[in-house]
file coords_24.tsv (TSV, C-alpha atoms)
chain	number	residue	atom	x	y	z
A	1	MET	CA	-7.50	-22.85	18.66
A	2	SER	CA	-10.64	-22.08	20.65
A	3	LYS	CA	-13.88	-21.04	19.01
A	4	GLU	CA	-13.75	-17.65	20.74
A	5	SER	CA	-10.27	-16.86	19.46
A	6	THR	CA	-11.29	-17.37	15.82
A	7	VAL	CA	-14.10	-14.80	15.92
A	8	LYS	CA	-13.00	-11.55	14.28
A	9	ARG	CA	-14.60	-8.14	14.42
A	10	TRP	CA	-15.16	-6.65	10.99
A	11	LYS	CA	-15.68	-2.99	10.12
A	12	LEU	CA	-17.67	-2.20	6.97
A	13	ILE	CA	-17.92	1.01	4.95
A	14	ILE	CA	-21.35	1.05	3.30
A	15	GLU	CA	-22.91	3.15	0.56
A	16	TYR	CA	-26.64	3.12	-0.16
A	17	ASN	CA	-29.62	4.86	-1.67
A	18	GLY	CA	-32.24	4.80	1.07
A	19	THR	CA	-35.24	5.82	-1.05
A	20	ASN	CA	-37.09	2.51	-0.89
A	21	TYR	CA	-36.02	1.48	2.61
A	22	ALA	CA	-37.60	2.07	6.01
A	23	GLY	CA	-34.25	3.25	7.37
A	24	PHE	CA	-31.10	1.41	8.36
A	25	GLN	CA	-32.30	-0.44	11.44
A	26	ILE	CA	-34.20	-3.72	11.12
A	27	GLN	CA	-37.98	-3.40	11.39
A	28	PRO	CA	-40.27	-6.45	11.16
A	29	GLY	CA	-41.91	-6.80	7.77
A	30	LEU	CA	-40.18	-3.75	6.26
A	31	PRO	CA	-37.19	-3.44	3.90
A	32	THR	CA	-34.15	-2.01	5.70
A	33	ILE	CA	-30.46	-1.59	4.94
A	34	GLN	CA	-29.43	-3.68	7.95
A	35	GLY	CA	-31.85	-6.43	7.03
A	36	SER	CA	-30.52	-6.64	3.48
A	37	ILE	CA	-26.86	-6.78	4.53
A	38	GLN	CA	-27.45	-9.38	7.25
A	39	ARG	CA	-29.44	-11.46	4.78
A	40	ALA	CA	-26.55	-11.23	2.27
A	41	ILE	CA	-24.04	-12.38	4.89
A	42	LYS	CA	-26.24	-15.34	5.77
A	43	GLU	CA	-26.66	-16.22	2.09
A	44	PHE	CA	-22.95	-16.65	1.49
A	45	SER	CA	-21.85	-17.93	4.91
A	46	GLY	CA	-24.90	-19.66	6.38
A	47	GLN	CA	-24.44	-17.63	9.57
A	48	GLU	CA	-26.69	-15.07	11.18
A	49	VAL	CA	-24.91	-11.94	12.38
A	50	SER	CA	-26.03	-8.66	13.90
A	51	LEU	CA	-24.68	-5.36	12.58
A	52	THR	CA	-23.95	-2.45	14.91
A	53	VAL	CA	-24.14	0.80	12.97
A	54	ALA	CA	-22.61	4.23	13.57
A	55	GLY	CA	-25.78	6.14	12.73
A	56	ARG	CA	-29.26	4.69	12.29
A	57	THR	CA	-30.41	6.71	9.29
A	58	ASP	CA	-34.14	7.24	8.81
A	59	ALA	CA	-36.37	6.08	5.98
A	60	GLY	CA	-35.31	7.62	2.69
A	61	VAL	CA	-31.91	8.87	3.93
A	62	HIS	CA	-28.82	8.02	1.87
A	63	ALA	CA	-25.19	7.35	2.74
A	64	TYR	CA	-21.84	7.62	1.00
A	65	HIS	CA	-19.91	6.40	4.04
A	66	GLN	CA	-21.92	4.56	6.66
A	67	VAL	CA	-19.92	2.49	9.16
A	68	ALA	CA	-20.97	-0.74	10.85
A	69	HIS	CA	-19.28	-3.62	12.63
A	70	PHE	CA	-20.10	-7.26	13.30
A	71	ASP	CA	-18.40	-10.31	14.79
A	72	PHE	CA	-17.88	-13.22	12.45
A	73	ASP	CA	-16.13	-16.58	12.24
A	74	TYR	CA	-16.15	-17.75	8.63
A	75	GLN	CA	-16.23	-21.56	8.55
A	76	TYR	CA	-15.99	-24.58	6.33
A	77	LYS	CA	-19.01	-26.89	6.25
A	78	ASP	CA	-17.35	-29.10	8.85
A	79	GLY	CA	-17.17	-26.18	11.28
A	80	ARG	CA	-13.46	-25.43	10.96
A	81	SER	CA	-12.54	-21.76	10.83
A	82	ARG	CA	-11.64	-20.42	7.43
A	83	GLU	CA	-9.56	-17.37	6.56
A	84	ILE	CA	-11.15	-14.73	4.35
A	85	THR	CA	-9.53	-11.52	3.14
A	86	PRO	CA	-11.24	-8.12	3.43
A	87	TYR	CA	-11.65	-7.98	-0.35
A	88	GLU	CA	-13.22	-11.44	-0.44
A	89	LEU	CA	-15.64	-10.57	2.34
A	90	ALA	CA	-16.79	-7.34	0.68
A	91	LYS	CA	-17.09	-9.09	-2.68
A	92	ALA	CA	-19.09	-11.96	-1.17
A	93	ILE	CA	-21.58	-9.64	0.54
A	94	ASN	CA	-21.95	-7.48	-2.58
A	95	SER	CA	-22.63	-10.53	-4.72
A	96	PHE	CA	-25.88	-11.01	-2.80
A	97	LEU	CA	-26.80	-7.34	-3.04
A	98	VAL	CA	-26.62	-7.00	-6.82
A	99	ASP	CA	-30.31	-6.12	-7.12
A	100	GLU	CA	-30.25	-3.56	-4.33
A	101	PRO	CA	-28.78	-0.02	-4.20
A	102	ILE	CA	-26.42	-1.02	-1.40
A	103	SER	CA	-22.68	-1.53	-1.73
A	104	ILE	CA	-19.94	-2.58	0.69
A	105	LEU	CA	-17.10	-0.25	-0.25
A	106	ASP	CA	-14.53	-1.60	2.18
A	107	ALA	CA	-14.05	-4.20	4.89
A	108	GLU	CA	-11.31	-4.56	7.47
A	109	ILE	CA	-10.54	-6.54	10.60
A	110	VAL	CA	-10.51	-4.32	13.69
A	111	SER	CA	-9.85	-4.89	17.37
A	112	HIS	CA	-12.66	-6.24	19.52
A	113	ASP	CA	-12.91	-2.95	21.38
A	114	PHE	CA	-13.83	-1.07	18.19
A	115	HIS	CA	-17.44	0.11	18.31
A	116	ALA	CA	-19.02	1.66	15.23
A	117	ARG	CA	-21.48	3.78	17.20
A	118	PHE	CA	-19.76	4.70	20.45
A	119	GLY	CA	-16.34	5.12	18.88
A	120	ALA	CA	-17.50	7.69	16.30
A	121	LYS	CA	-15.88	11.09	16.94
A	122	HIS	CA	-17.05	13.21	14.04
A	123	LYS	CA	-19.81	13.04	11.43
A	124	ILE	CA	-20.43	14.94	8.23
A	125	TYR	CA	-23.80	15.21	6.50
A	126	HIS	CA	-24.91	16.82	3.26
A	127	TYR	CA	-28.37	18.13	2.58
A	128	VAL	CA	-29.21	18.73	-1.09
A	129	ILE	CA	-31.89	21.15	-2.32
A	130	THR	CA	-32.98	21.48	-5.94
A	131	ASN	CA	-34.28	25.05	-6.11
A	132	ARG	CA	-36.19	25.80	-9.31
A	133	ARG	CA	-39.72	26.26	-10.62
A	134	PHE	CA	-39.98	22.83	-12.20
A	135	LYS	CA	-39.95	19.53	-10.33
A	136	THR	CA	-36.95	17.21	-10.23
A	137	GLY	CA	-36.57	14.34	-12.66
A	138	LEU	CA	-33.22	12.61	-12.24
A	139	ASP	CA	-32.93	13.76	-8.64
A	140	LYS	CA	-36.37	12.57	-7.53
A	141	GLY	CA	-35.88	10.91	-4.15
A	142	ARG	CA	-32.36	12.29	-3.92
A	143	SER	CA	-32.95	15.98	-3.20
A	144	TRP	CA	-35.59	18.31	-1.78
A	145	TRP	CA	-37.41	20.21	-4.48
A	146	VAL	CA	-38.09	23.77	-3.30
A	147	LYS	CA	-40.07	25.75	-5.83
A	148	ALA	CA	-39.84	29.22	-4.26
A	149	PRO	CA	-36.56	31.09	-4.96
A	150	LEU	CA	-34.11	30.88	-2.06
A	151	ASP	CA	-31.71	33.64	-1.01
A	152	LEU	CA	-28.63	31.59	-0.17
A	153	ASP	CA	-26.71	34.51	1.34
A	154	SER	CA	-29.43	34.99	3.95
A	155	MET	CA	-29.42	31.26	4.75
A	156	ILE	CA	-25.65	31.35	5.24
A	157	GLU	CA	-25.87	34.28	7.65
A	158	ALA	CA	-28.68	32.65	9.63
A	159	SER	CA	-26.81	29.34	9.87
A	160	LYS	CA	-23.97	31.02	11.80
A	161	ILE	CA	-26.31	31.33	14.81
A	162	LEU	CA	-26.43	27.54	15.09
A	163	ILE	CA	-22.68	26.90	15.05
A	164	GLY	CA	-21.22	25.98	18.42
A	165	LYS	CA	-22.58	24.30	21.54
A	166	HIS	CA	-26.31	24.83	22.12
A	167	ASP	CA	-29.50	23.30	23.46
A	168	PHE	CA	-31.09	22.09	20.22
A	169	THR	CA	-34.49	21.13	21.66
A	170	SER	CA	-36.20	23.28	19.01
A	171	PHE	CA	-34.44	21.31	16.28
A	172	ARG	CA	-35.00	17.75	17.39
A	173	ASP	CA	-37.94	15.44	16.83
A	174	THR	CA	-40.50	15.43	19.63
A	175	GLU	CA	-39.97	11.65	19.95
A	176	CYS	CA	-36.17	11.94	20.10
A	177	GLN	CA	-34.84	9.59	22.78
A	178	ALA	CA	-31.48	11.28	23.37
A	179	LYS	CA	-30.91	12.00	27.06
A	180	SER	CA	-29.59	15.50	26.42
A	181	PRO	CA	-30.51	18.07	23.74
A	182	ILE	CA	-27.05	19.67	24.04
A	183	ARG	CA	-25.02	19.25	20.88
A	184	THR	CA	-22.09	21.02	19.21
A	185	ILE	CA	-22.09	21.94	15.53
A	186	ASP	CA	-18.50	22.42	14.38
A	187	LYS	CA	-19.22	23.78	10.94
A	188	ILE	CA	-22.01	24.62	8.50
A	189	ASP	CA	-21.00	25.37	4.91
A	190	PHE	CA	-22.99	25.89	1.73
A	191	THR	CA	-22.16	25.39	-1.92
A	192	ARG	CA	-24.26	26.54	-4.84
A	193	GLU	CA	-24.40	25.17	-8.39
A	194	GLU	CA	-26.17	26.92	-11.25
A	195	ILE	CA	-28.66	24.67	-13.03
A	196	LEU	CA	-31.18	25.42	-15.78
A	197	ASN	CA	-33.87	27.73	-14.39
A	198	GLY	CA	-32.54	27.49	-10.87
A	199	GLN	CA	-29.83	26.37	-8.49
A	200	LYS	CA	-28.70	23.33	-6.55
A	201	ILE	CA	-27.81	24.09	-2.93
A	202	ILE	CA	-25.78	21.72	-0.76
A	203	MET	CA	-25.47	22.28	2.98
A	204	THR	CA	-22.56	20.53	4.70
A	205	ILE	CA	-22.90	20.19	8.46
A	206	GLU	CA	-20.30	18.70	10.80
A	207	GLY	CA	-20.31	17.64	14.44
A	208	ARG	CA	-19.71	14.72	16.76
A	209	SER	CA	-23.35	13.67	16.95
A	210	PHE	CA	-26.80	14.88	15.98
A	211	LEU	CA	-30.26	14.56	17.45
A	212	HIS	CA	-33.12	12.79	15.69
A	213	HIS	CA	-34.21	14.90	12.67
A	214	MET	CA	-31.82	17.68	13.76
A	215	VAL	CA	-30.22	18.23	10.35
A	216	ARG	CA	-33.57	18.11	8.55
A	217	ASN	CA	-35.11	20.56	11.02
A	218	ILE	CA	-32.18	22.93	10.63
A	219	ILE	CA	-32.38	23.04	6.84
A	220	GLY	CA	-36.17	23.31	7.04
A	221	THR	CA	-35.80	26.34	9.30
A	222	LEU	CA	-33.12	27.93	7.11
A	223	SER	CA	-35.38	27.49	4.07
A	224	LEU	CA	-37.84	29.90	5.71
A	225	VAL	CA	-35.05	32.46	5.85
A	226	GLY	CA	-34.19	31.78	2.21
A	227	GLU	CA	-37.81	32.35	1.18
A	228	GLY	CA	-37.94	35.63	3.06
A	229	LYS	CA	-40.59	34.40	5.51
A	230	TRP	CA	-38.15	34.57	8.46
A	231	ASP	CA	-35.18	36.76	9.26
A	232	ILE	CA	-32.03	35.97	11.20
A	233	GLU	CA	-33.58	37.10	14.49
A	234	ASP	CA	-36.36	34.52	14.06
A	235	VAL	CA	-33.76	31.73	13.97
A	236	GLN	CA	-32.22	33.03	17.18
A	237	LYS	CA	-35.66	33.14	18.82
A	238	ALA	CA	-36.35	29.55	17.72
A	239	LEU	CA	-33.05	28.36	19.20
A	240	ASP	CA	-33.68	30.21	22.47
A	241	ALA	CA	-37.26	28.92	22.77
A	242	LYS	CA	-36.13	25.30	23.34
A	243	ASN	CA	-39.45	24.17	21.88
A	244	ARG	CA	-39.87	22.16	18.68
A	245	THR	CA	-42.93	24.18	17.63
A	246	ALA	CA	-40.79	27.34	17.58
A	247	ALA	CA	-38.57	26.19	14.69
A	248	GLY	CA	-39.29	25.53	11.03
A	249	PRO	CA	-40.54	22.42	9.24
A	250	THR	CA	-38.81	19.07	8.98
A	251	ALA	CA	-37.30	18.87	5.51
A	252	PRO	CA	-37.87	15.61	3.56
A	253	SER	CA	-35.45	12.74	4.03
A	254	ASP	CA	-34.75	12.69	0.28
A	255	GLY	CA	-31.98	15.30	0.41
A	256	LEU	CA	-30.05	13.96	3.40
A	257	TYR	CA	-26.76	12.07	2.97
A	258	LEU	CA	-24.37	10.68	5.56
A	259	VAL	CA	-21.02	11.61	4.01
A	260	LYS	CA	-18.32	10.56	6.46
A	261	ILE	CA	-17.67	9.25	9.97
A	262	ASP	CA	-14.30	9.68	11.65
A	263	TYR	CA	-12.75	7.65	14.47
A	264	ASP	CA	-9.67	8.11	16.61
call {"tool": "encode", "arguments": {"input": "coords_24.tsv", "output": "structure tokens"}}
result
Amino acid sequence: MSKESTVKRWKLIIEYNGTNYAGFQIQPGLPTIQGSIQRAIKEFSGQEVSLTVAGRTDAGVHAYHQVAHFDFDYQYKDGRSREITPYELAKAINSFLVDEPISILDAEIVSHDFHARFGAKHKIYHYVITNRRFKTGLDKGRSWWVKAPLDLDSMIEASKILIGKHDFTSFRDTECQAKSPIRTIDKIDFTREEILNGQKIIMTIEGRSFLHHMVRNIIGTLSLVGEGKWDIEDVQKALDAKNRTAAGPTAPSDGLYLVKIDYD
């Protein structure tokens, strides 16, 4: 059997708390999710691999269901190919991540034409706000603390303006490298949970792809509506302006979670 024919493409489902990482993508001298996973694979196999990820989350962003792929030929010390089951691969990687808030939830062999990034058809994100007078304790680094009371009903109404296909220039980072600002938001939903002296608000947003900081800029803008500083017409004006300075602030990365990625 040739060397090439023994190389398999593996798909990983990854969960992580991104609080203490400089994002998913490798950056020299900084802790990253990709760097930790590739180091773990090298630790147990002796081989260097390169992960291709579905969405390169920013510093501080979390994930319940990140997807990545890599090509790998597990070998004996003499160089002969060695079979490894999906469970064994996930277990082996996790064994070298025990001190980090990163977990491989699943592994599977996929065809060589599978691509974690370009094959993604649908993504779901959550953004979590802790809305109360007193700062967060247990949720520090895992939600955005907003002290001022938020009117969720107003935020829900304003969010409807953003659903559908639009030019989201006003809601993307000024350094965003996407060729086009046109994106389609399929759905924006909100849930509310009563907590002591306040509420926890979770925005769920769905679409095929998102621009850099798009979700955080959307929730930052909607927070202005919730505080009563903006009305619904202001959100429409921001969208129409096609200018980043026309929209609201970029919400912190703490509250953002990649929840799910779907493929054909």
call {"tool": "closest_residue", "arguments": {"input": "coords_24.tsv", "among": "A:Ala63, A:Leu105, A:Lys91, A:Glu100", "to": "Asn20 (chain A)", "atoms": "only C-alpha atoms"}}
result
A:Glu100
call {"tool": "closest_residue", "arguments": {"input": "coords_24.tsv", "among": "A:Asp167, A:Asp78, A:Asp58, A:Glu83", "to": "Ser180 (chain A)", "atoms": "only C-alpha atoms"}}
result
A:Asp167
call {"tool": "residues_around", "arguments": {"input": "coords_24.tsv", "residues": "region 31-43 of chain A", "least_positions_apart": "5", "cutoff": "7 Å", "atoms": "all atoms listed in the file", "output": "list in words"}}
result
Tyr21, Ala22, Gly23, Phe24, Gln25, Ile26, Glu48, Val49, Ser50, Leu51, Ile93, Phe96 and Leu97 of chain A
call {"tool": "closest_residue", "arguments": {"input": "coords_24.tsv", "among": "A:Asp73, A:Glu206, A:Asp254, A:Asp173", "to": "Lys140 (chain A)", "atoms": "all atoms listed in the file"}}
result
A:Asp254
call {"tool": "residues_near_point", "arguments": {"input": "coords_24.tsv", "point": "(-25.2, 21.2, 13.6)", "cutoff": "8 Å", "atoms": "all atoms listed in the file", "output": "list in words"}}
result
Leu162, Ile163, Gly164, Arg183, Thr184, Ile185, Asp186, Lys187, Ile188, Ile205, Glu206, Gly207, Phe210, Met214, Val215 and Ile218 of chain A
call {"tool": "atom_distance", "arguments": {"input": "coords_24.tsv", "atom1": "CA of Leu256 (chain A)", "atom2": "CA of Arg9 (chain A)"}}
result
29.1 Å
call {"tool": "atom_distance", "arguments": {"input": "coords_24.tsv", "atom1": "CA of Leu152 (chain A)", "atom2": "CA of Phe190 (chain A)"}}
result
8.2 Å
call {"tool": "residues_around", "arguments": {"input": "coords_24.tsv", "residues": "Gly220 (chain A)", "least_positions_apart": "5", "cutoff": "6 Å", "atoms": "only C-alpha atoms", "output": "number ranges by chain"}}
result
A: 248-251
call {"tool": "decode", "arguments": {"input": "coords_24.tsv", "residues": "region 196-217 of chain A", "atoms": "N, CA, C and O atoms", "output": "short mmCIF file (atom, residue, chain, number, x, y, z; two decimals), in the first residue's frame"}}
result
data_model
loop_
_atom_site.label_atom_id
_atom_site.label_comp_id
_atom_site.auth_asym_id
_atom_site.auth_seq_id
_atom_site.Cartn_x
_atom_site.Cartn_y
_atom_site.Cartn_z
N LEU A 196 -31.47 36.48 39.85
CA LEU A 196 -31.59 37.37 41.01
C LEU A 196 -31.17 38.79 40.62
O LEU A 196 -30.06 38.99 40.12
N ASN A 197 -32.06 39.74 40.82
CA ASN A 197 -31.80 41.15 40.52
C ASN A 197 -31.53 41.44 39.05
O ASN A 197 -30.86 42.41 38.72
N GLY A 198 -32.04 40.58 38.17
CA GLY A 198 -31.81 40.87 36.76
C GLY A 198 -32.29 39.77 35.83
O GLY A 198 -33.20 39.01 36.17
N GLN A 199 -31.65 39.68 34.68
CA GLN A 199 -32.04 38.71 33.67
C GLN A 199 -30.80 38.27 32.87
O GLN A 199 -29.81 39.00 32.78
N LYS A 200 -30.89 37.07 32.34
CA LYS A 200 -29.88 36.58 31.40
C LYS A 200 -30.54 36.52 30.04
O LYS A 200 -31.59 35.90 29.87
N ILE A 201 -29.93 37.17 29.06
CA ILE A 201 -30.46 37.24 27.70
C ILE A 201 -29.53 36.47 26.77
O ILE A 201 -28.32 36.66 26.81
N ILE A 202 -30.11 35.59 25.96
CA ILE A 202 -29.32 34.84 24.98
C ILE A 202 -29.87 35.13 23.59
O ILE A 202 -31.05 34.87 23.31
N MET A 203 -29.04 35.68 22.74
CA MET A 203 -29.40 35.87 21.33
C MET A 203 -28.87 34.69 20.53
O MET A 203 -27.69 34.34 20.64
N THR A 204 -29.71 34.08 19.73
CA THR A 204 -29.31 33.03 18.80
C THR A 204 -29.41 33.59 17.39
O THR A 204 -30.46 34.11 17.00
N ILE A 205 -28.33 33.51 16.64
CA ILE A 205 -28.29 34.05 15.29
C ILE A 205 -27.79 32.98 14.34
O ILE A 205 -26.83 32.26 14.64
N GLU A 206 -28.47 32.84 13.20
CA GLU A 206 -28.16 31.77 12.26
C GLU A 206 -27.95 32.30 10.85
O GLU A 206 -28.65 33.23 10.41
N GLY A 207 -27.00 31.72 10.14
CA GLY A 207 -26.75 32.08 8.76
C GLY A 207 -25.64 31.21 8.19
O GLY A 207 -25.02 30.43 8.92
N ARG A 208 -25.39 31.35 6.92
CA ARG A 208 -24.34 30.53 6.29
C ARG A 208 -22.96 30.99 6.72
O ARG A 208 -22.07 30.17 6.99
N SER A 209 -22.74 32.30 6.75
CA SER A 209 -21.44 32.82 7.14
C SER A 209 -21.62 34.23 7.70
O SER A 209 -22.61 34.90 7.43
N PHE A 210 -20.61 34.66 8.46
CA PHE A 210 -20.67 35.96 9.11
C PHE A 210 -19.36 36.70 8.89
O PHE A 210 -18.29 36.10 8.78
N LEU A 211 -19.45 38.02 8.85
CA LEU A 211 -18.28 38.85 8.70
C LEU A 211 -17.54 38.99 10.03
O LEU A 211 -18.10 38.67 11.10
N HIS A 212 -16.31 39.46 9.98
CA HIS A 212 -15.51 39.63 11.18
C HIS A 212 -16.19 40.60 12.14
O HIS A 212 -16.51 41.74 11.78
N HIS A 213 -16.43 40.15 13.36
CA HIS A 213 -17.08 40.92 14.44
C HIS A 213 -18.56 41.21 14.16
O HIS A 213 -19.19 41.98 14.90
N MET A 214 -19.14 40.60 13.15
CA MET A 214 -20.52 40.91 12.76
C MET A 214 -21.51 40.63 13.90
O MET A 214 -22.37 41.48 14.21
N VAL A 215 -21.42 39.47 14.51
CA VAL A 215 -22.36 39.12 15.57
C VAL A 215 -22.18 40.05 16.77
O VAL A 215 -23.17 40.54 17.35
N ARG A 216 -20.95 40.34 17.13
CA ARG A 216 -20.68 41.21 18.27
C ARG A 216 -21.12 42.65 17.99
O ARG A 216 -21.58 43.35 18.90
N ASN A 217 -21.01 43.09 16.76
CA ASN A 217 -21.47 44.44 16.41
C ASN A 217 -22.99 44.53 16.38
O ASN A 217 -23.57 45.56 16.72
#
